[in-house]
>>> print(open('target25.txt').read())   # compact mmCIF, N, CA and C atoms
# COMPACT_ATOMS: atom_id res chain seq x y z
N MET S 1 -10.56 50.78 -28.51
CA MET S 1 -10.88 52.12 -28.88
C MET S 1 -11.89 52.06 -30.02
N SER S 2 -12.94 52.79 -29.92
CA SER S 2 -13.96 52.75 -30.97
C SER S 2 -13.74 53.90 -31.94
N ASN S 3 -14.08 53.62 -33.17
CA ASN S 3 -13.95 54.61 -34.23
C ASN S 3 -15.35 55.10 -34.60
N THR S 4 -15.73 56.22 -34.06
CA THR S 4 -17.05 56.76 -34.37
C THR S 4 -16.93 57.73 -35.53
N GLN S 5 -17.87 57.60 -36.43
CA GLN S 5 -17.85 58.45 -37.61
C GLN S 5 -19.13 59.28 -37.63
N HIS S 6 -18.97 60.55 -37.71
CA HIS S 6 -20.11 61.45 -37.75
C HIS S 6 -20.23 62.02 -39.16
N THR S 7 -21.42 61.92 -39.71
CA THR S 7 -21.64 62.51 -41.03
C THR S 7 -22.53 63.73 -40.87
N THR S 8 -22.17 64.76 -41.56
CA THR S 8 -22.95 65.99 -41.48
C THR S 8 -23.53 66.38 -42.83
N GLY S 9 -23.29 65.59 -43.87
CA GLY S 9 -23.78 65.92 -45.20
C GLY S 9 -25.20 65.45 -45.43
N MET S 10 -25.67 65.62 -46.66
CA MET S 10 -27.02 65.20 -47.03
C MET S 10 -27.17 63.68 -47.04
N THR S 11 -26.08 62.95 -47.08
CA THR S 11 -26.18 61.49 -47.13
C THR S 11 -26.82 60.91 -45.89
N SER S 12 -26.78 61.63 -44.78
CA SER S 12 -27.38 61.12 -43.55
C SER S 12 -28.82 61.60 -43.37
N HIS S 13 -29.31 62.40 -44.28
CA HIS S 13 -30.68 62.92 -44.19
C HIS S 13 -31.67 61.75 -44.35
N PRO S 14 -32.70 61.68 -43.51
CA PRO S 14 -33.62 60.53 -43.56
C PRO S 14 -34.45 60.46 -44.86
N ASP S 15 -34.63 61.55 -45.55
CA ASP S 15 -35.45 61.55 -46.76
C ASP S 15 -34.63 61.60 -48.04
N VAL S 16 -33.35 61.33 -47.97
CA VAL S 16 -32.50 61.47 -49.14
C VAL S 16 -32.92 60.51 -50.26
N GLN S 17 -33.30 59.31 -49.93
CA GLN S 17 -33.71 58.35 -50.95
C GLN S 17 -34.99 58.79 -51.64
N GLU S 18 -35.94 59.29 -50.87
CA GLU S 18 -37.20 59.77 -51.45
C GLU S 18 -36.95 60.97 -52.36
N MET S 19 -36.05 61.86 -51.96
CA MET S 19 -35.74 63.04 -52.78
C MET S 19 -35.08 62.63 -54.09
N ARG S 20 -34.18 61.65 -54.04
CA ARG S 20 -33.54 61.17 -55.26
C ARG S 20 -34.55 60.54 -56.20
N GLU S 21 -35.46 59.74 -55.65
CA GLU S 21 -36.48 59.11 -56.49
C GLU S 21 -37.40 60.15 -57.12
N ARG S 22 -37.74 61.19 -56.39
CA ARG S 22 -38.61 62.24 -56.93
C ARG S 22 -37.92 62.98 -58.07
N PHE S 23 -36.66 63.32 -57.89
CA PHE S 23 -35.95 64.01 -58.96
C PHE S 23 -35.73 63.11 -60.16
N ASP S 24 -35.51 61.82 -59.93
CA ASP S 24 -35.37 60.89 -61.05
C ASP S 24 -36.66 60.79 -61.84
N ARG S 25 -37.81 60.73 -61.14
CA ARG S 25 -39.10 60.69 -61.83
C ARG S 25 -39.34 61.98 -62.61
N THR S 26 -38.99 63.09 -62.00
CA THR S 26 -39.17 64.38 -62.66
C THR S 26 -38.32 64.46 -63.92
N ALA S 27 -37.08 64.05 -63.81
CA ALA S 27 -36.16 64.14 -64.94
C ALA S 27 -36.49 63.16 -66.05
N ALA S 28 -37.16 62.08 -65.72
CA ALA S 28 -37.44 61.05 -66.72
C ALA S 28 -38.67 61.39 -67.57
N GLY S 29 -39.47 62.35 -67.14
CA GLY S 29 -40.68 62.69 -67.87
C GLY S 29 -40.37 63.34 -69.21
N GLY S 30 -41.13 62.98 -70.24
CA GLY S 30 -40.92 63.54 -71.56
C GLY S 30 -41.19 65.02 -71.62
N GLY S 31 -42.18 65.48 -70.86
CA GLY S 31 -42.49 66.91 -70.83
C GLY S 31 -41.36 67.73 -70.26
N VAL S 32 -40.67 67.18 -69.28
CA VAL S 32 -39.57 67.90 -68.65
C VAL S 32 -38.41 68.03 -69.63
N VAL S 33 -38.10 66.96 -70.35
CA VAL S 33 -37.01 67.01 -71.32
C VAL S 33 -37.33 68.03 -72.41
N ALA S 34 -38.57 68.06 -72.88
CA ALA S 34 -38.96 69.02 -73.90
C ALA S 34 -38.86 70.44 -73.36
N LEU S 35 -39.27 70.64 -72.13
CA LEU S 35 -39.22 71.96 -71.51
C LEU S 35 -37.78 72.44 -71.38
N GLU S 36 -36.90 71.56 -70.97
CA GLU S 36 -35.49 71.93 -70.83
C GLU S 36 -34.86 72.20 -72.19
N GLY S 37 -35.28 71.45 -73.20
CA GLY S 37 -34.81 71.71 -74.55
C GLY S 37 -35.27 73.07 -75.06
N LEU S 38 -36.48 73.47 -74.69
CA LEU S 38 -36.98 74.78 -75.08
C LEU S 38 -36.21 75.91 -74.39
N ILE S 39 -35.78 75.68 -73.15
CA ILE S 39 -34.94 76.67 -72.46
C ILE S 39 -33.62 76.81 -73.21
N LEU S 40 -33.06 75.70 -73.64
CA LEU S 40 -31.82 75.72 -74.43
C LEU S 40 -32.02 76.52 -75.72
N LEU S 41 -33.11 76.28 -76.43
CA LEU S 41 -33.38 76.99 -77.68
C LEU S 41 -33.62 78.48 -77.45
N ALA S 42 -34.30 78.83 -76.37
CA ALA S 42 -34.53 80.24 -76.05
C ALA S 42 -33.19 80.94 -75.79
N GLY S 43 -32.29 80.25 -75.11
CA GLY S 43 -30.97 80.82 -74.86
C GLY S 43 -30.17 80.99 -76.13
N LEU S 44 -30.26 80.00 -77.02
CA LEU S 44 -29.55 80.11 -78.29
C LEU S 44 -30.10 81.26 -79.14
N TYR S 45 -31.43 81.43 -79.13
CA TYR S 45 -32.01 82.55 -79.87
C TYR S 45 -31.54 83.88 -79.29
N ALA S 46 -31.54 84.00 -77.97
CA ALA S 46 -31.09 85.25 -77.35
C ALA S 46 -29.63 85.53 -77.70
N ALA S 47 -28.82 84.49 -77.80
CA ALA S 47 -27.40 84.67 -78.11
C ALA S 47 -27.19 85.11 -79.56
N ILE S 48 -27.99 84.59 -80.49
CA ILE S 48 -27.79 84.95 -81.89
C ILE S 48 -28.66 86.11 -82.35
N SER S 49 -29.57 86.56 -81.49
CA SER S 49 -30.50 87.63 -81.89
C SER S 49 -29.82 88.93 -82.33
N PRO S 50 -28.65 89.31 -81.80
CA PRO S 50 -28.03 90.54 -82.33
C PRO S 50 -27.73 90.46 -83.83
N TRP S 51 -27.48 89.28 -84.34
CA TRP S 51 -27.18 89.15 -85.76
C TRP S 51 -28.43 88.85 -86.59
N VAL S 52 -29.45 88.29 -85.94
CA VAL S 52 -30.70 87.99 -86.64
C VAL S 52 -31.54 89.26 -86.78
N VAL S 53 -31.63 90.04 -85.72
CA VAL S 53 -32.47 91.23 -85.69
C VAL S 53 -31.68 92.48 -86.07
N HIS S 54 -30.37 92.37 -86.20
CA HIS S 54 -29.49 93.49 -86.59
C HIS S 54 -29.52 94.60 -85.55
N PHE S 55 -28.80 94.36 -84.46
CA PHE S 55 -28.68 95.35 -83.39
C PHE S 55 -27.67 96.42 -83.80
N THR S 56 -27.90 97.11 -84.89
CA THR S 56 -26.95 98.11 -85.37
C THR S 56 -26.89 99.29 -84.42
N GLY S 57 -25.67 99.67 -84.06
CA GLY S 57 -25.48 100.80 -83.17
C GLY S 57 -25.67 100.48 -81.70
N ASN S 58 -25.96 99.24 -81.37
CA ASN S 58 -26.18 98.85 -79.97
C ASN S 58 -25.22 97.72 -79.60
N SER S 59 -23.93 98.02 -79.65
CA SER S 59 -22.94 96.96 -79.37
C SER S 59 -23.02 96.49 -77.92
N ASN S 60 -23.34 97.38 -76.99
CA ASN S 60 -23.47 96.97 -75.58
C ASN S 60 -24.61 95.96 -75.42
N LEU S 61 -25.72 96.23 -76.09
CA LEU S 61 -26.86 95.32 -76.00
C LEU S 61 -26.57 94.00 -76.71
N ALA S 62 -25.81 94.06 -77.80
CA ALA S 62 -25.44 92.84 -78.51
C ALA S 62 -24.57 91.94 -77.63
N VAL S 63 -23.60 92.54 -76.95
CA VAL S 63 -22.74 91.77 -76.04
C VAL S 63 -23.56 91.23 -74.87
N ASN S 64 -24.46 92.05 -74.35
CA ASN S 64 -25.34 91.61 -73.27
C ASN S 64 -26.16 90.39 -73.70
N ASN S 65 -26.79 90.46 -74.86
CA ASN S 65 -27.60 89.34 -75.33
C ASN S 65 -26.76 88.10 -75.57
N LEU S 66 -25.56 88.29 -76.09
CA LEU S 66 -24.68 87.15 -76.32
C LEU S 66 -24.34 86.46 -75.00
N ILE S 67 -23.96 87.22 -73.99
CA ILE S 67 -23.57 86.64 -72.70
C ILE S 67 -24.77 86.00 -72.01
N VAL S 68 -25.89 86.71 -71.94
CA VAL S 68 -27.07 86.17 -71.26
C VAL S 68 -27.62 84.97 -72.04
N GLY S 69 -27.61 85.05 -73.36
CA GLY S 69 -28.10 83.93 -74.17
C GLY S 69 -27.26 82.68 -73.99
N ILE S 70 -25.95 82.84 -73.97
CA ILE S 70 -25.07 81.69 -73.73
C ILE S 70 -25.30 81.12 -72.34
N THR S 71 -25.50 81.98 -71.36
CA THR S 71 -25.77 81.53 -69.99
C THR S 71 -27.07 80.72 -69.94
N ILE S 72 -28.12 81.23 -70.57
CA ILE S 72 -29.40 80.51 -70.59
C ILE S 72 -29.25 79.20 -71.36
N GLY S 73 -28.51 79.23 -72.47
CA GLY S 73 -28.28 78.01 -73.23
C GLY S 73 -27.53 76.95 -72.43
N LEU S 74 -26.50 77.38 -71.70
CA LEU S 74 -25.76 76.43 -70.87
C LEU S 74 -26.63 75.90 -69.73
N LEU S 75 -27.49 76.75 -69.19
CA LEU S 75 -28.42 76.30 -68.15
C LEU S 75 -29.36 75.24 -68.72
N GLY S 76 -29.92 75.50 -69.90
CA GLY S 76 -30.80 74.52 -70.54
C GLY S 76 -30.08 73.25 -70.88
N LEU S 77 -28.83 73.35 -71.33
CA LEU S 77 -28.04 72.16 -71.64
C LEU S 77 -27.77 71.36 -70.37
N GLY S 78 -27.44 72.04 -69.29
CA GLY S 78 -27.21 71.35 -68.02
C GLY S 78 -28.47 70.67 -67.51
N LEU S 79 -29.61 71.35 -67.64
CA LEU S 79 -30.87 70.75 -67.21
C LEU S 79 -31.21 69.53 -68.05
N THR S 80 -30.84 69.55 -69.32
CA THR S 80 -31.15 68.44 -70.21
C THR S 80 -30.20 67.26 -69.99
N LEU S 81 -28.91 67.54 -69.86
CA LEU S 81 -27.93 66.45 -69.78
C LEU S 81 -27.76 65.88 -68.38
N ALA S 82 -27.89 66.70 -67.36
CA ALA S 82 -27.68 66.22 -65.99
C ALA S 82 -28.79 66.75 -65.08
N PRO S 83 -30.04 66.34 -65.31
CA PRO S 83 -31.14 66.90 -64.53
C PRO S 83 -31.07 66.57 -63.05
N GLU S 84 -30.49 65.44 -62.70
CA GLU S 84 -30.42 65.07 -61.29
C GLU S 84 -29.51 66.00 -60.50
N ARG S 85 -28.56 66.65 -61.17
CA ARG S 85 -27.64 67.55 -60.48
C ARG S 85 -28.00 69.01 -60.67
N THR S 86 -28.75 69.34 -61.70
CA THR S 86 -28.99 70.75 -62.00
C THR S 86 -30.45 71.17 -61.88
N SER S 87 -31.33 70.28 -61.44
CA SER S 87 -32.75 70.63 -61.38
C SER S 87 -33.03 71.79 -60.42
N GLY S 88 -32.19 71.97 -59.44
CA GLY S 88 -32.37 73.08 -58.51
C GLY S 88 -31.98 74.43 -59.09
N LEU S 89 -31.40 74.44 -60.29
CA LEU S 89 -30.98 75.69 -60.91
C LEU S 89 -32.00 76.24 -61.89
N ALA S 90 -33.13 75.57 -62.05
CA ALA S 90 -34.13 76.02 -63.02
C ALA S 90 -34.64 77.42 -62.72
N TRP S 91 -34.62 77.83 -61.47
CA TRP S 91 -35.11 79.15 -61.10
C TRP S 91 -34.27 80.26 -61.72
N LEU S 92 -33.02 79.97 -62.10
CA LEU S 92 -32.16 80.99 -62.68
C LEU S 92 -32.68 81.50 -64.02
N ALA S 93 -33.48 80.69 -64.71
CA ALA S 93 -34.03 81.12 -65.99
C ALA S 93 -34.98 82.30 -65.82
N VAL S 94 -35.64 82.40 -64.69
CA VAL S 94 -36.61 83.48 -64.47
C VAL S 94 -35.93 84.85 -64.40
N PRO S 95 -34.93 85.06 -63.53
CA PRO S 95 -34.30 86.39 -63.52
C PRO S 95 -33.53 86.70 -64.80
N LEU S 96 -32.96 85.67 -65.44
CA LEU S 96 -32.27 85.92 -66.71
C LEU S 96 -33.27 86.35 -67.78
N GLY S 97 -34.44 85.74 -67.81
CA GLY S 97 -35.47 86.15 -68.75
C GLY S 97 -35.96 87.56 -68.48
N LEU S 98 -36.15 87.88 -67.20
CA LEU S 98 -36.59 89.23 -66.85
C LEU S 98 -35.52 90.27 -67.21
N TRP S 99 -34.26 89.90 -67.07
CA TRP S 99 -33.19 90.81 -67.47
C TRP S 99 -33.24 91.05 -68.98
N LEU S 100 -33.49 90.02 -69.76
CA LEU S 100 -33.60 90.22 -71.20
C LEU S 100 -34.73 91.20 -71.54
N VAL S 101 -35.82 91.14 -70.79
CA VAL S 101 -36.94 92.04 -71.05
C VAL S 101 -36.56 93.49 -70.78
N ILE S 102 -35.88 93.76 -69.68
CA ILE S 102 -35.59 95.16 -69.32
C ILE S 102 -34.27 95.67 -69.89
N SER S 103 -33.42 94.80 -70.41
CA SER S 103 -32.10 95.22 -70.86
C SER S 103 -32.10 96.23 -72.01
N PRO S 104 -33.07 96.24 -72.94
CA PRO S 104 -33.00 97.28 -73.97
C PRO S 104 -33.06 98.70 -73.41
N TRP S 105 -33.67 98.90 -72.26
CA TRP S 105 -33.75 100.22 -71.65
C TRP S 105 -32.61 100.48 -70.69
N VAL S 106 -32.04 99.42 -70.12
CA VAL S 106 -30.99 99.59 -69.12
C VAL S 106 -29.61 99.66 -69.77
N VAL S 107 -29.37 98.82 -70.75
CA VAL S 107 -28.02 98.69 -71.32
C VAL S 107 -27.74 99.74 -72.39
N THR S 108 -28.72 100.10 -73.18
CA THR S 108 -28.46 101.04 -74.28
C THR S 108 -28.27 102.46 -73.74
N THR S 109 -27.43 103.19 -74.42
CA THR S 109 -27.21 104.58 -74.02
C THR S 109 -28.30 105.44 -74.65
N ALA S 110 -28.89 106.27 -73.87
CA ALA S 110 -29.94 107.20 -74.31
C ALA S 110 -31.16 106.47 -74.87
N ASN S 111 -31.38 105.22 -74.44
CA ASN S 111 -32.55 104.44 -74.86
C ASN S 111 -32.74 104.44 -76.38
N THR S 112 -31.70 104.03 -77.09
CA THR S 112 -31.72 104.07 -78.55
C THR S 112 -32.08 102.73 -79.19
N ALA S 113 -32.62 101.81 -78.46
CA ALA S 113 -32.98 100.50 -79.03
C ALA S 113 -34.17 100.66 -79.98
N SER S 114 -34.09 99.98 -81.12
CA SER S 114 -35.19 100.05 -82.09
C SER S 114 -36.34 99.15 -81.63
N ASN S 115 -37.48 99.30 -82.27
CA ASN S 115 -38.65 98.50 -81.91
C ASN S 115 -38.40 97.01 -82.11
N GLY S 116 -37.70 96.65 -83.17
CA GLY S 116 -37.40 95.24 -83.42
C GLY S 116 -36.55 94.63 -82.32
N VAL S 117 -35.58 95.38 -81.86
CA VAL S 117 -34.71 94.92 -80.77
C VAL S 117 -35.51 94.75 -79.49
N ILE S 118 -36.37 95.73 -79.20
CA ILE S 118 -37.18 95.65 -77.98
C ILE S 118 -38.12 94.46 -78.04
N TRP S 119 -38.80 94.28 -79.16
CA TRP S 119 -39.72 93.15 -79.29
C TRP S 119 -38.99 91.82 -79.22
N SER S 120 -37.83 91.73 -79.84
CA SER S 120 -37.05 90.49 -79.80
C SER S 120 -36.65 90.14 -78.38
N ASN S 121 -36.15 91.13 -77.64
CA ASN S 121 -35.73 90.86 -76.26
C ASN S 121 -36.93 90.55 -75.36
N CYS S 122 -38.03 91.28 -75.54
CA CYS S 122 -39.21 91.00 -74.72
C CYS S 122 -39.75 89.60 -74.99
N PHE S 123 -39.75 89.19 -76.24
CA PHE S 123 -40.22 87.84 -76.58
C PHE S 123 -39.29 86.79 -75.98
N ALA S 124 -37.99 86.91 -76.24
CA ALA S 124 -37.03 85.92 -75.74
C ALA S 124 -37.02 85.89 -74.21
N GLY S 125 -37.05 87.05 -73.58
CA GLY S 125 -37.05 87.11 -72.12
C GLY S 125 -38.32 86.58 -71.52
N GLY S 126 -39.46 86.92 -72.10
CA GLY S 126 -40.74 86.42 -71.59
C GLY S 126 -40.84 84.91 -71.70
N VAL S 127 -40.44 84.38 -72.86
CA VAL S 127 -40.47 82.92 -73.05
C VAL S 127 -39.54 82.23 -72.06
N THR S 128 -38.35 82.79 -71.88
CA THR S 128 -37.39 82.20 -70.95
C THR S 128 -37.92 82.21 -69.52
N ALA S 129 -38.50 83.32 -69.09
CA ALA S 129 -39.03 83.41 -67.73
C ALA S 129 -40.18 82.43 -67.51
N VAL S 130 -41.08 82.33 -68.49
CA VAL S 130 -42.21 81.40 -68.36
C VAL S 130 -41.71 79.96 -68.34
N LEU S 131 -40.76 79.63 -69.20
CA LEU S 131 -40.21 78.27 -69.20
C LEU S 131 -39.50 77.95 -67.89
N GLY S 132 -38.81 78.94 -67.32
CA GLY S 132 -38.17 78.74 -66.01
C GLY S 132 -39.19 78.48 -64.92
N LEU S 133 -40.29 79.23 -64.94
CA LEU S 133 -41.36 79.00 -63.96
C LEU S 133 -41.97 77.61 -64.13
N LEU S 134 -42.18 77.21 -65.38
CA LEU S 134 -42.73 75.87 -65.62
C LEU S 134 -41.77 74.77 -65.17
N ALA S 135 -40.47 74.96 -65.41
CA ALA S 135 -39.48 73.97 -64.98
C ALA S 135 -39.45 73.86 -63.46
N MET S 136 -39.57 75.00 -62.77
CA MET S 136 -39.62 74.96 -61.31
C MET S 136 -40.90 74.29 -60.85
N GLY S 137 -42.00 74.57 -61.49
CA GLY S 137 -43.29 74.00 -61.13
C GLY S 137 -43.35 72.50 -61.32
N MET S 138 -42.64 71.98 -62.32
CA MET S 138 -42.64 70.54 -62.56
C MET S 138 -42.08 69.79 -61.36
N THR S 139 -41.01 70.28 -60.79
CA THR S 139 -40.41 69.63 -59.63
C THR S 139 -41.35 69.68 -58.44
N VAL S 140 -41.98 70.82 -58.21
CA VAL S 140 -42.91 70.96 -57.09
C VAL S 140 -44.12 70.07 -57.28
N ARG S 141 -44.65 70.00 -58.51
CA ARG S 141 -45.83 69.19 -58.78
C ARG S 141 -45.57 67.72 -58.54
N PHE S 142 -44.41 67.22 -58.99
CA PHE S 142 -44.10 65.82 -58.77
C PHE S 142 -43.92 65.52 -57.29
N GLY S 143 -43.37 66.47 -56.52
CA GLY S 143 -43.22 66.26 -55.09
C GLY S 143 -44.57 66.20 -54.37
N ARG S 144 -45.50 67.04 -54.77
CA ARG S 144 -46.82 67.03 -54.13
C ARG S 144 -47.61 65.79 -54.49
N ARG S 145 -47.47 65.32 -55.72
CA ARG S 145 -48.19 64.13 -56.14
C ARG S 145 -47.75 62.92 -55.30
N LYS S 146 -46.48 62.84 -54.96
CA LYS S 146 -45.97 61.75 -54.14
C LYS S 146 -46.56 61.83 -52.73
N GLU S 147 -46.67 63.03 -52.18
CA GLU S 147 -47.19 63.20 -50.82
C GLU S 147 -48.67 62.85 -50.74
N GLU S 148 -49.43 63.05 -51.80
CA GLU S 148 -50.86 62.75 -51.79
C GLU S 148 -51.14 61.26 -51.81
N LYS S 149 -50.23 60.48 -52.33
CA LYS S 149 -50.45 59.03 -52.45
C LYS S 149 -50.32 58.33 -51.14
>>> encode(input="target25.txt", output="structure tokens")
Amino acid sequence: MSNTQHTTGMTSHPDVQEMRERFDRTAAGGGVVALEGLILLAGLYAAISPWVVHFTGNSNLAVNNLIVGITIGLLGLGLTLAPERTSGLAWLAVPLGLWLVISPWVVTTANTASNGVIWSNCFAGGVTAVLGLLAMGMTVRFGRRKEEK
């Protein structure tokens, strides 16, 4: 009697070794580590911004920034510490950054956010979204460079 084993996971994919090598090269680059560290810092700033910029009277927005900032910070930490497992999550920084930009108008009641709060969120959200796009682009660029060779 023969024992046939069928695998249906990614381990049987013919390009799995090439994909692992590409992600390892991407993660090993100094620019990528710096970029992921900047995502972490942007998340930390968004989390502490209610106390830095004094979101007085906007407790909903303060809680929003704390939660979204911690999420972005954890995403940046994951990208930094385990890039081979989390590199596919870099795209999450883009919608989180965009949410930070629009949240002063969506979360506050009667649009009562001050100019400082709006500028702080627009800056943190814009930086986060751009860094997310750059992190996604790094993976694509390294993949195309391999195909050209």
>>> closest_residue(input="target25.txt", among="S:Gly116, S:Pro50, S:Glu21, S:Gly76", to="Ala93 (chain S)", atoms="only N, CA and C atoms")
S:Gly76
>>> atom_distance(input="target25.txt", atom1="atom C of Ala90 (chain S)", atom2="atom N of Ile102 (chain S)")
17.8 Å
>>> closest_atom_pairs(input="target25.txt", of="region 45-84 of chain S", to="region 119-134 of chain S", cutoff="8 Å", atoms="only N, CA and C atoms", output="JSON lines")
{"residue": "S:Tyr45", "atom": "C", "partner": "S:Ala124", "partner_atom": "CA", "distance": 6.8}
{"residue": "S:Ala46", "atom": "CA", "partner": "S:Ala124", "partner_atom": "CA", "distance": 6.2}
{"residue": "S:Ser49", "atom": "CA", "partner": "S:Ser120", "partner_atom": "CA", "distance": 7.4}
{"residue": "S:Val53", "atom": "CA", "partner": "S:Ser120", "partner_atom": "CA", "distance": 7.5}
>>> residues_around(input="target25.txt", residues="Gly57 (chain S)", least_positions_apart="5", cutoff="8 Å", atoms="only N, CA and C atoms", output="number ranges by chain")
S: 62, 108-109, 112-113
>>> closest_residue(input="target25.txt", among="S:Val63, S:Val16, S:Leu40, S:Leu100", to="Gly78 (chain S)", atoms="only N, CA and C atoms")
S:Leu40
>>> closest_residue(input="target25.txt", among="S:Trp105, S:Trp99, S:Trp51, S:Trp91", to="Leu79 (chain S)", atoms="only C-alpha atoms")
S:Trp91
